[in-house]
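As stored in target04.txt (compact mmCIF, C-alpha atoms (C1' of nucleotides)):
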# COMPACT_ATOMS: atom_id res chain seq x y z
CA MET A 1 -4.22 -28.38 -6.93
CA GLN A 2 -1.48 -25.84 -7.13
CA GLU A 3 -4.21 -23.39 -6.28
CA ILE A 4 -3.71 -23.09 -2.56
CA VAL A 5 -0.36 -21.38 -2.61
CA GLU A 6 -1.15 -19.30 0.49
CA ASN A 7 0.05 -15.75 0.96
CA LYS A 8 3.73 -15.75 1.69
CA ASP A 9 4.39 -12.64 -0.33
CA ILE A 10 3.55 -9.52 1.61
CA ARG A 11 2.46 -7.79 -1.57
CA LYS A 12 -0.56 -10.02 -1.91
CA ILE A 13 -1.60 -9.46 1.68
CA ARG A 14 -1.04 -5.74 1.44
CA THR A 15 -2.84 -5.27 -1.86
CA ARG A 16 -5.75 -7.33 -0.67
CA LYS A 17 -6.02 -5.31 2.49
CA TYR A 18 -5.96 -2.01 0.67
CA ILE A 19 -8.63 -3.13 -1.77
CA ILE A 20 -10.87 -4.23 1.06
CA ASP A 21 -10.23 -1.10 3.09
CA ALA A 22 -10.95 1.11 0.10
CA PHE A 23 -14.10 -0.82 -0.64
CA PHE A 24 -15.54 -0.38 2.85
CA GLU A 25 -14.47 3.22 2.86
CA LEU A 26 -16.48 3.76 -0.30
CA LEU A 27 -19.46 1.83 1.07
CA LYS A 28 -19.79 4.44 3.76
CA LYS A 29 -20.54 7.08 1.18
CA LYS A 30 -22.03 5.49 -1.90
CA SER A 31 -24.16 2.51 -2.75
CA PHE A 32 -22.72 -0.83 -3.78
CA GLU A 33 -24.14 -0.59 -7.27
CA THR A 34 -22.70 2.83 -8.00
CA ILE A 35 -19.21 1.87 -6.89
CA ARG A 36 -16.98 1.21 -9.88
CA ILE A 37 -14.00 -1.09 -9.87
CA SER A 38 -11.90 1.90 -10.76
CA ASP A 39 -13.23 3.75 -7.72
CA ILE A 40 -11.92 0.99 -5.54
CA THR A 41 -8.56 0.68 -7.26
CA THR A 42 -8.02 4.41 -7.32
CA LYS A 43 -8.63 4.68 -3.60
CA ALA A 44 -6.53 1.62 -2.90
CA MET A 45 -3.80 2.94 -5.16
CA VAL A 46 -3.52 -0.23 -7.18
CA ASN A 47 -3.91 -0.93 -10.85
CA ARG A 48 -7.30 -2.00 -12.07
CA ALA A 49 -5.87 -5.18 -13.52
CA THR A 50 -4.53 -6.02 -10.09
CA PHE A 51 -8.03 -6.02 -8.72
CA TYR A 52 -8.85 -8.89 -11.04
CA ASN A 53 -5.88 -10.84 -9.77
CA HIS A 54 -7.58 -10.88 -6.38
CA PHE A 55 -11.29 -10.91 -7.12
CA ALA A 56 -13.49 -11.89 -10.03
CA ASP A 57 -15.70 -8.84 -9.57
CA LYS A 58 -17.08 -6.59 -6.87
CA TYR A 59 -19.69 -9.14 -5.92
CA GLU A 60 -17.03 -11.69 -5.14
CA LEU A 61 -15.08 -9.06 -3.28
CA PHE A 62 -18.04 -8.36 -1.09
CA GLU A 63 -18.87 -12.00 -0.62
CA VAL A 64 -15.37 -12.98 0.30
CA VAL A 65 -14.89 -10.01 2.56
CA THR A 66 -18.16 -10.52 4.34
CA LYS A 67 -17.41 -14.14 4.93
CA GLU A 68 -14.00 -13.32 6.27
CA ILE A 69 -14.60 -10.29 8.36
CA ILE A 70 -18.17 -10.41 9.51
CA MET A 71 -19.10 -14.04 9.46
CA GLU A 72 -16.00 -14.98 11.34
CA ASN A 73 -17.68 -13.20 14.20
CA VAL A 74 -20.89 -15.12 13.69
CA ARG A 75 -19.04 -18.37 13.47
CA ASN A 76 -17.19 -17.72 16.68
CA GLN A 77 -20.37 -17.19 18.56
CA LEU A 78 -21.96 -20.19 16.94
CA ALA A 79 -18.96 -22.28 17.87
CA GLU A 80 -19.96 -22.00 21.52
CA THR A 81 -22.88 -24.28 20.91
CA THR A 82 -21.37 -27.47 19.59
CA ASN A 83 -24.23 -29.60 20.78
CA PHE A 84 -27.75 -28.52 20.07
CA CYS A 85 -29.59 -27.34 23.16
CA GLN A 86 -32.29 -24.91 24.15
CA ASN A 87 -29.92 -21.98 24.08
CA THR A 88 -28.53 -22.75 20.65
CA LEU A 89 -31.27 -20.93 18.84
CA THR A 90 -30.89 -17.92 21.09
CA ASN A 91 -27.13 -17.88 20.60
CA VAL A 92 -27.45 -18.06 16.86
CA PHE A 93 -30.03 -15.33 16.89
CA VAL A 94 -27.81 -13.07 18.97
CA ALA A 95 -24.91 -13.76 16.63
CA LEU A 96 -27.08 -12.73 13.72
CA THR A 97 -28.13 -9.49 15.36
CA ASN A 98 -24.47 -8.76 15.95
CA TYR A 99 -23.85 -9.44 12.31
CA HIS A 100 -26.50 -6.92 11.34
CA ASN A 101 -25.09 -4.32 13.65
CA GLU A 102 -21.59 -4.81 12.33
CA LEU A 103 -22.70 -4.73 8.75
CA TYR A 104 -24.56 -1.53 9.41
CA ALA A 105 -21.52 0.00 11.03
CA LEU A 106 -19.36 -0.98 8.08
CA CYS A 107 -21.57 0.34 5.34
CA SER A 108 -24.39 2.38 6.77
CA TYR A 109 -25.27 3.95 3.46
CA SER A 110 -25.82 0.71 1.63
CA TYR A 111 -26.77 -1.54 4.49
CA ASP A 112 -30.06 -2.84 3.05
CA GLU A 113 -28.45 -3.60 -0.26
CA MET A 114 -25.59 -5.42 1.42
CA ALA A 115 -27.81 -7.37 3.78
CA SER A 116 -29.86 -8.48 0.82
CA ILE A 117 -26.81 -9.65 -1.13
CA ASN A 118 -25.58 -11.56 1.88
CA GLU A 119 -28.86 -13.13 2.78
CA THR A 120 -28.42 -16.42 0.98
CA ILE A 121 -24.79 -16.81 1.92
CA LEU A 122 -25.37 -16.13 5.56
CA ARG A 123 -28.53 -18.19 5.84
CA LYS A 124 -26.73 -21.15 4.27
CA GLU A 125 -23.92 -20.78 6.77
CA VAL A 126 -26.36 -20.83 9.63
CA GLU A 127 -28.14 -23.81 8.14
CA GLN A 128 -24.88 -25.69 7.90
CA VAL A 129 -23.93 -25.01 11.50
CA LEU A 130 -27.36 -25.98 12.76
CA PHE A 131 -27.24 -29.13 10.68
CA GLU A 132 -23.99 -30.22 12.29
CA SER A 133 -25.31 -29.45 15.72
CA LEU A 134 -28.62 -31.24 15.19
CA LYS A 135 -26.93 -34.26 13.69
CA LEU A 136 -25.03 -34.89 16.88
CA LYS A 137 -28.09 -34.65 19.06
CA TYR A 138 -30.57 -36.57 16.91
CA SER A 139 -28.45 -39.28 15.37
CA GLU A 140 -31.46 -41.53 15.09
CA LYS A 141 -33.20 -39.23 12.60
CA SER A 142 -32.54 -39.35 8.86
CA LYS A 143 -30.13 -36.94 7.25
CA GLN A 144 -32.93 -35.47 5.19
CA GLU A 145 -35.09 -34.84 8.20
CA ILE A 146 -32.27 -33.07 10.01
CA GLN A 147 -31.55 -31.08 6.90
CA ASN A 148 -35.14 -29.91 6.76
CA MET A 149 -35.11 -28.88 10.40
CA ALA A 150 -31.87 -26.97 9.94
CA SER A 151 -33.26 -25.25 6.90
CA ILE A 152 -36.45 -24.09 8.61
CA PHE A 153 -34.55 -22.93 11.67
CA SER A 154 -32.08 -20.99 9.54
CA TRP A 155 -34.89 -19.14 7.78
CA MET A 156 -36.59 -18.44 11.03
CA LEU A 157 -33.50 -17.12 12.74
CA TYR A 158 -32.27 -15.10 9.84
CA GLY A 159 -35.69 -13.55 9.39
CA ALA A 160 -36.07 -12.86 13.09
CA ALA A 161 -32.74 -11.05 13.18
CA TYR A 162 -33.65 -9.03 10.13
CA GLU A 163 -36.98 -8.00 11.64
CA TRP A 164 -35.30 -7.23 14.91
CA LYS A 165 -32.94 -4.84 13.11
CA ASN A 166 -35.91 -2.99 11.63
CA GLN A 167 -37.51 -2.52 15.01
CA ASN A 168 -34.40 -2.40 17.12
CA GLU A 169 -36.15 -1.50 20.33
CA LEU A 170 -35.81 -4.52 22.56
CA ASP A 171 -32.65 -6.19 23.68
CA PRO A 172 -32.02 -9.12 21.27
CA VAL A 173 -32.40 -11.79 23.94
CA ALA A 174 -35.61 -10.27 25.24
CA TYR A 175 -36.97 -9.83 21.73
CA PHE A 176 -36.24 -13.43 20.86
CA ALA A 177 -37.61 -14.82 24.13
CA GLN A 178 -40.81 -12.86 23.73
CA THR A 179 -41.34 -13.80 20.10
CA MET A 180 -40.50 -17.45 20.63
CA GLY A 181 -42.77 -17.54 23.64
CA SER A 182 -45.66 -16.30 21.53
CA ILE A 183 -44.93 -18.80 18.79
CA GLU A 184 -44.70 -21.71 21.18
CA SER A 185 -47.99 -20.84 22.83
CA ILE A 186 -49.66 -20.78 19.41
CA LEU A 187 -48.12 -24.09 18.39
CA ASN A 188 -49.29 -25.65 21.68
CA GLU A 189 -52.89 -24.49 21.40
CA MET B 1 21.44 11.51 -16.34
CA GLN B 2 18.91 8.74 -16.58
CA GLU B 3 18.37 9.51 -12.93
CA ILE B 4 15.31 11.71 -13.16
CA VAL B 5 12.88 9.10 -14.41
CA GLU B 6 9.95 10.62 -12.49
CA ASN B 7 7.23 8.55 -10.90
CA LYS B 8 4.91 7.22 -13.54
CA ASP B 9 4.48 3.89 -11.84
CA ILE B 10 1.89 4.04 -9.10
CA ARG B 11 3.82 1.48 -7.08
CA LYS B 12 6.63 3.94 -6.44
CA ILE B 13 4.26 6.66 -5.35
CA ARG B 14 2.27 4.30 -3.17
CA THR B 15 5.27 2.69 -1.50
CA ARG B 16 6.83 6.05 -0.85
CA LYS B 17 3.64 7.33 0.70
CA TYR B 18 3.26 4.34 2.98
CA ILE B 19 6.85 4.57 4.16
CA ILE B 20 6.42 8.24 4.97
CA ASP B 21 3.06 7.69 6.67
CA ALA B 22 4.46 4.86 8.75
CA PHE B 23 7.44 6.93 9.70
CA PHE B 24 5.38 9.85 10.99
CA GLU B 25 3.05 7.47 12.72
CA LEU B 26 6.00 6.02 14.59
CA LEU B 27 7.39 9.45 15.36
CA LYS B 28 4.29 10.15 17.40
CA LYS B 29 5.19 7.39 19.81
CA LYS B 30 8.92 6.84 19.82
CA SER B 31 12.03 8.87 19.30
CA PHE B 32 13.77 9.14 15.96
CA GLU B 33 16.85 7.35 17.20
CA THR B 34 14.98 4.34 18.52
CA ILE B 35 13.01 3.82 15.31
CA ARG B 36 14.48 0.98 13.30
CA ILE B 37 14.20 0.67 9.54
CA SER B 38 12.35 -2.57 10.12
CA ASP B 39 9.83 -0.76 12.33
CA ILE B 40 9.05 1.52 9.44
CA THR B 41 8.87 -1.22 6.83
CA THR B 42 6.77 -3.47 9.02
CA LYS B 43 4.24 -0.73 9.60
CA ALA B 44 4.29 0.28 5.95
CA MET B 45 3.94 -3.36 4.91
CA VAL B 46 6.89 -3.25 2.55
CA ASN B 47 10.07 -5.23 2.39
CA ARG B 48 13.09 -3.78 4.10
CA ALA B 49 15.07 -3.87 0.88
CA THR B 50 12.39 -1.74 -0.72
CA PHE B 51 13.05 0.96 1.81
CA TYR B 52 16.56 1.26 0.48
CA ASN B 53 15.23 1.63 -3.05
CA HIS B 54 13.62 4.84 -1.89
CA PHE B 55 15.89 6.23 0.78
CA ALA B 56 19.54 5.85 1.74
CA ASP B 57 18.71 5.70 5.44
CA LYS B 58 16.25 7.12 7.95
CA TYR B 59 18.10 10.42 8.05
CA GLU B 60 17.58 10.91 4.36
CA LEU B 61 13.98 9.84 4.75
CA PHE B 62 13.44 12.51 7.32
CA GLU B 63 15.35 15.13 5.41
CA VAL B 64 13.53 14.48 2.17
CA VAL B 65 10.16 14.29 3.84
CA THR B 66 10.69 17.43 5.84
CA LYS B 67 11.78 19.32 2.78
CA GLU B 68 8.78 18.12 0.83
CA ILE B 69 5.99 18.37 3.33
CA ILE B 70 6.92 21.03 5.80
CA MET B 71 9.29 23.27 3.96
CA GLU B 72 6.97 23.51 1.03
CA ASN B 73 4.80 25.46 3.39
CA VAL B 74 7.67 27.69 4.40
CA ARG B 75 8.67 28.22 0.80
CA ASN B 76 5.15 29.21 -0.16
CA GLN B 77 5.06 31.88 2.44
CA LEU B 78 8.53 33.05 1.57
CA ALA B 79 7.55 33.23 -2.09
CA GLU B 80 5.30 36.15 -1.27
CA THR B 81 8.31 38.34 -0.69
CA THR B 82 10.20 38.24 -3.94
CA ASN B 83 11.78 41.59 -3.38
CA PHE B 84 13.38 42.31 -0.07
CA CYS B 85 11.43 44.83 2.00
CA GLN B 86 10.69 45.63 5.60
CA ASN B 87 8.10 42.94 5.89
CA THR B 88 10.29 40.22 4.45
CA LEU B 89 11.91 39.43 7.75
CA THR B 90 8.57 39.29 9.49
CA ASN B 91 7.12 37.02 6.81
CA VAL B 92 10.03 34.64 7.01
CA PHE B 93 9.80 34.63 10.77
CA VAL B 94 6.09 33.79 10.66
CA ALA B 95 6.76 31.05 8.14
CA LEU B 96 9.32 29.59 10.51
CA THR B 97 6.94 29.64 13.45
CA ASN B 98 4.43 27.81 11.28
CA TYR B 99 7.09 25.28 10.47
CA HIS B 100 7.73 24.69 14.16
CA ASN B 101 4.05 24.27 14.87
CA GLU B 102 3.62 21.81 12.04
CA LEU B 103 6.66 19.84 12.99
CA TYR B 104 5.40 19.63 16.54
CA ALA B 105 2.03 18.42 15.33
CA LEU B 106 3.65 15.75 13.19
CA CYS B 107 5.97 14.32 15.77
CA SER B 108 5.20 15.68 19.18
CA TYR B 109 7.18 13.03 20.98
CA SER B 110 10.44 13.70 19.19
CA TYR B 111 9.97 17.33 18.25
CA ASP B 112 13.20 18.63 19.79
CA GLU B 113 15.24 15.91 18.18
CA MET B 114 13.62 16.56 14.80
CA ALA B 115 13.98 20.32 15.02
CA SER B 116 17.63 19.86 15.82
CA ILE B 117 18.21 17.54 12.86
CA ASN B 118 16.47 19.98 10.57
CA GLU B 119 18.16 23.07 11.86
CA THR B 120 20.97 23.24 9.33
CA ILE B 121 18.79 22.24 6.39
CA LEU B 122 16.12 24.74 7.17
CA ARG B 123 18.48 27.57 8.03
CA LYS B 124 20.30 27.05 4.74
CA GLU B 125 16.99 27.18 2.90
CA VAL B 126 16.14 30.44 4.54
CA GLU B 127 19.58 31.79 3.82
CA GLN B 128 19.21 30.92 0.16
CA VAL B 129 15.84 32.62 -0.16
CA LEU B 130 17.06 35.72 1.62
CA PHE B 131 20.14 35.78 -0.56
CA GLU B 132 18.04 35.81 -3.73
CA SER B 133 15.83 38.51 -2.34
CA LEU B 134 18.68 40.72 -1.15
CA LYS B 135 20.57 40.32 -4.42
CA LEU B 136 17.70 41.89 -6.31
CA LYS B 137 17.46 44.85 -4.00
CA TYR B 138 21.15 45.54 -3.45
CA SER B 139 22.67 44.74 -6.82
CA GLU B 140 25.48 47.20 -6.17
CA LYS B 141 26.85 45.18 -3.25
CA SER B 142 29.28 42.30 -3.70
CA LYS B 143 28.04 38.75 -3.74
CA GLN B 144 30.06 37.98 -0.65
CA GLU B 145 28.60 40.88 1.26
CA ILE B 146 25.06 39.83 0.38
CA GLN B 147 25.89 36.28 1.31
CA ASN B 148 27.04 37.42 4.73
CA MET B 149 23.90 39.44 5.32
CA ALA B 150 21.71 36.53 4.28
CA SER B 151 23.61 34.22 6.58
CA ILE B 152 23.30 36.47 9.64
CA PHE B 153 19.63 37.08 8.97
CA SER B 154 18.96 33.37 8.57
CA TRP B 155 20.56 32.62 11.93
CA MET B 156 18.68 35.39 13.55
CA LEU B 157 15.31 34.37 12.16
CA TYR B 158 15.75 30.69 12.75
CA GLY B 159 16.86 31.34 16.30
CA ALA B 160 14.04 33.76 16.95
CA ALA B 161 11.46 31.23 15.78
CA TYR B 162 13.02 28.53 17.91
CA GLU B 163 12.97 30.75 20.99
CA TRP B 164 9.43 31.81 20.22
CA LYS B 165 8.38 28.14 20.23
CA ASN B 166 9.88 27.69 23.68
CA GLN B 167 7.96 30.64 25.06
CA ASN B 168 4.92 30.46 22.87
CA GLU B 169 3.00 33.16 24.65
CA LEU B 170 2.82 36.04 22.25
CA ASP B 171 1.40 36.07 18.78
CA PRO B 172 4.34 35.54 16.36
CA VAL B 173 4.02 38.95 14.73
CA ALA B 174 3.81 40.72 18.08
CA TYR B 175 6.71 38.73 19.46
CA PHE B 176 8.88 39.57 16.48
CA ALA B 177 7.92 43.24 16.42
CA GLN B 178 8.68 43.58 20.09
CA THR B 179 12.00 41.78 19.94
CA MET B 180 13.14 43.57 16.81
CA GLY B 181 12.12 46.88 18.32
CA SER B 182 14.33 46.21 21.32
CA ILE B 183 17.25 45.18 19.13
CA GLU B 184 16.96 48.24 16.92
CA SER B 185 16.86 50.60 19.84
CA ILE B 186 20.05 49.02 21.20
CA LEU B 187 21.79 49.20 17.83
CA ASN B 188 20.81 52.85 17.53
CA GLU B 189 22.07 53.89 20.94
C1' DT C 1 -32.93 5.16 -33.04
C1' DG C 2 -27.97 5.11 -33.62
C1' DA C 3 -23.82 6.95 -31.94
C1' DT C 4 -20.67 8.56 -28.33
C1' DA C 5 -19.09 7.51 -24.18
C1' DA C 6 -18.08 4.86 -19.83
C1' DG C 7 -17.21 0.68 -17.48
C1' DT C 8 -15.74 -4.30 -17.57
C1' DG C 9 -12.72 -8.00 -17.95
C1' DT C 10 -8.43 -9.90 -20.32
C1' DT C 11 -3.68 -10.13 -22.11
C1' DG C 12 1.59 -9.55 -23.12
C1' DC C 13 5.18 -7.34 -21.72
C1' DT C 14 7.76 -4.32 -18.27
C1' DT C 15 9.08 -2.95 -13.73
C1' DA C 16 8.89 -2.35 -8.71
C1' DA C 17 8.92 -4.92 -4.85
C1' DG C 18 9.58 -9.36 -2.17
C1' DC C 19 12.63 -12.75 -0.49
C1' DA C 20 16.64 -14.81 1.34
C1' DA C 21 21.18 -14.70 2.24
C1' DC C 22 25.19 -12.22 3.16
C1' DA C 23 29.00 -9.22 5.27
C1' DA C 24 29.65 -5.49 8.06
C1' DA C 25 28.49 -2.19 11.62
C1' DA C 26 26.58 -1.36 16.00
C1' DT C 27 24.41 -2.92 20.51
C1' DT C 28 24.04 -5.59 24.31
C1' DA C 29 25.54 -8.88 27.69
C1' DA C 30 28.76 -11.72 30.13
C1' DT D 1 37.22 -6.75 27.22
C1' DT D 2 35.18 -10.44 24.22
C1' DA D 3 31.40 -12.94 22.53
C1' DA D 4 26.57 -13.06 21.21
C1' DT D 5 22.92 -10.66 19.21
C1' DT D 6 20.75 -7.19 16.61
C1' DT D 7 20.55 -4.00 13.09
C1' DT D 8 22.16 -2.22 8.77
C1' DG D 9 22.89 -2.01 3.98
C1' DT D 10 23.53 -4.84 -0.40
C1' DT D 11 22.72 -8.32 -4.02
C1' DG D 12 20.72 -12.03 -7.38
C1' DC D 13 16.89 -14.03 -8.46
C1' DT D 14 11.65 -14.47 -8.31
C1' DT D 15 7.06 -12.72 -8.37
C1' DA D 16 3.19 -9.50 -7.92
C1' DA D 17 1.70 -5.51 -9.73
C1' DG D 18 1.67 -1.70 -13.31
C1' DC D 19 0.74 -0.35 -17.88
C1' DA D 20 -1.38 -0.03 -22.23
C1' DA D 21 -4.13 -1.86 -25.49
C1' DC D 22 -7.88 -4.65 -26.67
C1' DA D 23 -12.76 -6.51 -27.40
C1' DC D 24 -16.95 -6.37 -25.24
C1' DT D 25 -20.90 -4.91 -22.59
C1' DT D 26 -23.65 -1.37 -20.63
C1' DA D 27 -25.28 3.30 -19.98
C1' DT D 28 -26.10 8.26 -21.90
C1' DC D 29 -28.14 11.31 -24.77
C1' DA D 30 -28.94 13.75 -29.47

I'd like the structure from this file rewritten - as structure tokens, please.
Amino acid sequence: MQEIVENKDIRKIRTRKYIIDAFFELLKKKSFETIRISDITTKAMVNRATFYNHFADKYELFEVVTKEIIMENVRNQLAETTNFCQNTLTNVFVALTNYHNELYALCSYSYDEMASINETILRKEVEQVLFESLKLKYSEKSKQEIQNMASIFSWMLYGAAYEWKNQNELDPVAYFAQTMGSIESILNE
Amino acid sequence: MQEIVENKDIRKIRTRKYIIDAFFELLKKKSFETIRISDITTKAMVNRATFYNHFADKYELFEVVTKEIIMENVRNQLAETTNFCQNTLTNVFVALTNYHNELYALCSYSYDEMASINETILRKEVEQVLFESLKLKYSEKSKQEIQNMASIFSWMLYGAAYEWKNQNELDPVAYFAQTMGSIESILNE
DNA sequence: TGATAAGTGTTGCTTAAGCAACAAAATTAA
DNA sequence: TTAATTTTGTTGCTTAAGCAACACTTATCA
């Protein structure tokens, strides 16, 4: 319970920042797997033991950082669509393409690796948001049913954004409209 | 005596670096006099009290930093001329023009102010180096006489470099050769 | 294979840095 | 000018971070 002491001491904030900065700096040049804790701490000019006061390991560092820095962006865009509507899926999709672009900008060298690590985390986030949104709209449906819808949508959107990144030719909105149009026409056959 | 403990602890090195970096960052935008200690510490993300563990005040900060970063350069170039010779004056002059260029690059906004603050420090440094050099060459002369020569030369060279910066048209070596040529011809009239 | 090395994660003790509060200059405003 | 405000420099106590040493796991390569 004592756990949430919150950063009042500037040293914690500063050290954290420098670790994160150093980490992303390194991600521009080498792959996630080849980055050692000591690489990070050396660049950040902190003791290796200090790293462990902030993060359990480099996986947690990346997870936490991604959630904070990148997903905050996604969340903000998702927040626009409190109630589920036709545009919700498009908005979420656009948010996800932004996420991919930002991630790529942050760690171009190890983008695929990073995207892969984040996949589950991010997809779950999306699922959660969609669940909340769907719940409001379809209050008559069972929780399980809504959960299933949210899950399928999250997979679909995450996957679509990932594929979009690999092609990266069309504007996200156009890409999504086109693809969804095709899917709908097939489902309605 | 315990004073020279030397930096083994990375915190001291790191904090020092961040204070110095923040200081020069600020010098690019505002004048030395308008920079508050708290401006520096805020930017450096350290406590204000910590500043005073490293420096007595911002004047000492600047003095120490200048000596370390900029004058090291000057010293290196001066080191080439251990024994006083015809080229010594030219070398020192060139070193001083480099110093002015570097100082300007570091704090363009407040260059004049900074150059003025450093004047005495730098001139004394030059005087000291010239004194050592002259002493070797003219061991028959009295210490006082050598001291006087070194002093006059230091004023001359410092002033010449300062004037050169204000004109900044000719190549340093050409400027110095030309000016010294004129002076010599007058002295020999 | 077995051994040498390199990286990880943890711990007890030490030290630099943070914080808050203060008096004393120095600015600014009335 | 005087009063209000801001900045400076200092201090006692607290806390985060450094250090060094450790056991342990994971490469490296002879």

> Would you list which chain C residues are within 12 Å of chain B using only C-alpha atoms (C1' of nucleotides), as a VMD selection string?
Replying inline: chain C and resid 14 to 20

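Between atom CA of B:Leu134 and atom CA of B:Tyr99 the interatomic distance comes to 22.5 Å.
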
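Remark: for chain B, the closest of the candidate residues A:Leu136, A:Leu61, A:Met45, A:Ile19 is A:Met45 (distances computed over only C-alpha atoms).
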
> Separation of atom CA of B:Phe32 and atom CA of B:Ile117, in Å?
Replying inline: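 Rounded to one decimal, the two atoms are 10.0 Å apart.
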
>> I'd like the contact shell of C:DG9 - 9 Å cut-off, only C-alpha atoms (C1' of nucleotides), skipping same-chain residues fewer than 5 positions apart - returned as a PyMOL selection string.
In response: (chain A and resi 49+52+56-57) or (chain D and resi 24)

>> I need every residue sitting at most 7 Å from the point (-25.4, 6.3, 3.3) (coordinates as in the file, all atoms listed in the file considered), written as an MDAnalysis selection string.
In response: chainID A and resid 28:30 108:110

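Atom CA of B:Leu27 to atom CA of A:Tyr18 spans 22.9 Å [interatomic distance, one decimal].
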
>> Using only C-alpha atoms (C1' of nucleotides), I'd like every residue of chain D that has an atom within 10 Å of chain A; please write them out as a ChimeraX atom specification.
In response: /D:15-19

> Which polymer residues have any atom within 12 Å of an atom of C:DG7, counting all atoms listed in the file, with same-chain residues fewer than 4 positions away left out, as a list in words?
Replying inline: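 Everything that qualifies: Thr34, Ile35, Arg36, Ile37, Ser38, Asp39 and Arg48 of chain A; DC24, DT25, DT26 and DA27 of chain D.
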
Go ahead and save the residues from that selection, with C-alpha atoms (C1' of nucleotides), as an mmCIF file, in the frame of the given file.
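Written file, out_8.cif:
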data_model
loop_
_atom_site.group_PDB
_atom_site.id
_atom_site.type_symbol
_atom_site.label_atom_id
_atom_site.label_comp_id
_atom_site.auth_asym_id
_atom_site.auth_seq_id
_atom_site.Cartn_x
_atom_site.Cartn_y
_atom_site.Cartn_z
ATOM 1 C CA THR A 34 -22.700 2.830 -8.000
ATOM 2 C CA ILE A 35 -19.210 1.870 -6.890
ATOM 3 C CA ARG A 36 -16.980 1.210 -9.880
ATOM 4 C CA ILE A 37 -14.000 -1.090 -9.870
ATOM 5 C CA SER A 38 -11.900 1.900 -10.760
ATOM 6 C CA ASP A 39 -13.230 3.750 -7.720
ATOM 7 C CA ARG A 48 -7.300 -2.000 -12.070
ATOM 8 C "C1'" DC D 24 -16.950 -6.370 -25.240
ATOM 9 C "C1'" DT D 25 -20.900 -4.910 -22.590
ATOM 10 C "C1'" DT D 26 -23.650 -1.370 -20.630
ATOM 11 C "C1'" DA D 27 -25.280 3.300 -19.980
#

> Pick from B:Ala44, B:Phe153, B:Thr97, B:Val64: nearest to chain A, with all atoms listed in the file counted?
Replying inline: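 Among B:Ala44, B:Phe153, B:Thr97, B:Val64, it is B:Ala44 that comes nearest to chain A.
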
>> With distances taken over all atoms listed in the file, which residue among B:Ile13, B:Ala105, B:Leu96, B:Leu26 lies nearest chain A?
In response: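 Going through B:Ile13, B:Ala105, B:Leu96, B:Leu26 one by one, the smallest distance to chain A is for B:Ile13.
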
>> I want to know what sits within 9 Å of B:Ser151, based on only C-alpha atoms (C1' of nucleotides), with residues of the same chain fewer than 5 positions away left out; could you give that as a list in words?
In response: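 My reading of the contact set: Arg123, Lys124, Val126, Glu127, Gln128, Leu130, Phe131, Ile146 and Met156 of chain B.
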
> Between A:Asn73, A:Thr42, A:Asn101, A:Ser116, which has the minimum distance to chain B (counting only C-alpha atoms)?
Replying inline: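 Using only C-alpha atoms, chain B sits closest to A:Thr42.
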
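Of the residues under consideration (C:DA24, C:DA6, C:DC13, C:DA29), C:DA24 shows the shortest atom-to-atom contact distance to D:DT8 when counting all atoms listed in the file.
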
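Residue neighbourhood of D:DT5, excluding near-sequence residues (fewer than 6 positions): DA26, DT27, DT28 and DA29 of chain C, at 12 Å, using all atoms listed in the file.
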